[in-house]
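In what follows, a single structure is set out as structure tokens and then discussed.
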Amino acid sequence: MALRQRRRLQLFAWLPDFCLMLLFRGCLIGAVNLKSSNQNPVVQEFESAVLSCVITDSQTNNPRIEWKKIKDAQTSYVFFDNKIQVKPVSPVCTVPKAVPVGKMATLYCQEKEGYPQPHYSWYRNDEPLPKDSRAYPRFKNSSFLINSETGTLVFSAVHKDDSGRYYCTASNDAGSARCAEQHMEVYDLNIGGIVGGILVVLAVLVLITVGICCAYRRGYFLSSKQNEESYKSPGRPDGVNYIRTEEEGDFRHKSSFVI
């Protein structure tokens, strides 16, 4: 005996400047045969619409009935159990471009449109990563944890094998979406080069200091006023001033008396 069950969904169209047209077709999905009493409903903006779904044949007593909005062959949201489920959009991923070996690194993945809240997964070189690298021998050279609720991928200490192309997916019951892949490079620290650079800088500072000290000793940093004072003749202690007149062309002394 055919089981006839009717499901109705009341929708409100909010799309501006045009009518919302929904097309339905009778179809056979597995063991459930569905059809709609109105295959071409047309509704004006801001008006309600009643859509019907009739189960004419089913081999299960409690079939799962879902309504999906499909545009450009993509599902934008799903209505199930009197709740609207919205497919996630492409998440925003943040991946550091370069990290030195042994340092901590955090990769972020965020999506805010999906409902219910999506779960996150990370991929490296198109291969899925586990939530905990310590639980899998193939990732013995890595040390990372993935939080599927927040979308973070945290490396406690990166290894050379952690270099690669990373991307994240956000998924819920309505669908999934992924971000564009980004490359993370893990590089070795050149300890010898760093020490050599420090030694060169110290040598340059020593040479500059020695040069400044030698310049001070030779008087290169004395001002012109100090030079004039160093070459000025000392005063006469006997109290006699020697002056020269234009007429005489020679020196004469002038006595001065101190009372």
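Following the order of the structure tokens, first chain is A, next is B, and so on, with residues numbered from 1 inside each chain and ligands from 1 in the order they appear.
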- Query: If you run DSSP on the backbone, which residues of region 97-182 of chain A are strand (DSSP E), as a PyMOL selection string?
  - Reply: chain A and resi 98-100+105-110+119-124+127-128+144-147+152-155+164-172+175-178+182
How close does each residue of region 112-151 of chain A get to region 86-90 of chain A, giving the shortest atom pair and distance in Å to one decimal for every residue with an atom at most 10 Å away, counting only C-alpha atoms, sorted by chain and residue number, as a tab-separated table?
residue	atom	partner	partner_atom	distance
A:Lys112	CA	A:Pro88	CA	7.7
A:Glu113	CA	A:Pro88	CA	5.7
A:Gly114	CA	A:Pro88	CA	3.9
A:Tyr115	CA	A:Val86	CA	4.7
A:Pro116	CA	A:Val86	CA	7.1
A:Gln117	CA	A:Pro88	CA	8.6
A:Pro118	CA	A:Pro88	CA	7.0
A:His119	CA	A:Pro88	CA	9.9
Could you take the residues named above and write them with N, CA and C atoms, as an mmCIF file, in the first residue's frame?
data_model
loop_
_atom_site.group_PDB
_atom_site.id
_atom_site.type_symbol
_atom_site.label_atom_id
_atom_site.label_comp_id
_atom_site.auth_asym_id
_atom_site.auth_seq_id
_atom_site.Cartn_x
_atom_site.Cartn_y
_atom_site.Cartn_z
ATOM 1 N N LYS A 112 31.729 32.492 8.549
ATOM 2 C CA LYS A 112 30.680 33.077 9.389
ATOM 3 C C LYS A 112 29.289 33.039 8.760
ATOM 4 N N GLU A 113 29.122 32.416 7.599
ATOM 5 C CA GLU A 113 27.818 32.410 6.936
ATOM 6 C C GLU A 113 27.057 31.104 7.142
ATOM 7 N N GLY A 114 27.742 30.008 7.340
ATOM 8 C CA GLY A 114 27.099 28.701 7.444
ATOM 9 C C GLY A 114 26.289 28.536 8.718
ATOM 10 N N TYR A 115 25.188 27.761 8.586
ATOM 11 C CA TYR A 115 24.358 27.423 9.758
ATOM 12 C C TYR A 115 23.815 26.013 9.578
ATOM 13 N N PRO A 116 23.965 25.157 10.576
ATOM 14 C CA PRO A 116 24.626 25.419 11.866
ATOM 15 C C PRO A 116 26.136 25.623 11.721
ATOM 16 N N GLN A 117 26.775 25.965 12.837
ATOM 17 C CA GLN A 117 28.204 26.254 12.831
ATOM 18 C C GLN A 117 28.976 25.120 12.166
ATOM 19 N N PRO A 118 29.771 25.434 11.150
ATOM 20 C CA PRO A 118 30.490 24.368 10.444
ATOM 21 C C PRO A 118 31.657 23.821 11.255
ATOM 22 N N HIS A 119 32.094 22.626 10.861
ATOM 23 C CA HIS A 119 33.303 22.024 11.393
ATOM 24 C C HIS A 119 34.425 22.183 10.360
#
- Task: Identify, on the basis of only C-alpha atoms, every residue whose closest approach to Pro128 (chain A) does not exceed 10 Å; exclude the query and any residue fewer than 3 positions from it along the same chain; express the result as a count of residues only.
- Result: 9
- Item | Residue contacts of Ser163 (chain A) (8 Å, only C-alpha atoms) excluding same-chain residues fewer than 2 positions away, as a PyMOL selection string | chain A and resi 159-161+165+183-186
- Query: Which is closer to Ala105 (chain A) than all the others in A:Thr152, A:Thr75, A:Ser58, A:Ser133, using only C-alpha atoms?
  - Reply: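 Of A:Thr152, A:Thr75, A:Ser58, A:Ser133, the one nearest Ala105 (chain A) is A:Thr152, counting only C-alpha atoms.
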- Item | CA of Glu66 (chain A) to CA of Pro41 (chain A), distance in Å rounded to a single decimal |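 Going from CA of Glu66 (chain A) over to CA of Pro41 (chain A), I get 18.1 Å.
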- Query: Taking only C-alpha atoms into account, which of A:Val43, A:Ala73, A:Ile84, A:Cys93 comes nearest Asp173 (chain A)?
  - Reply: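 Closest residue, counting only C-alpha atoms: A:Ile84.
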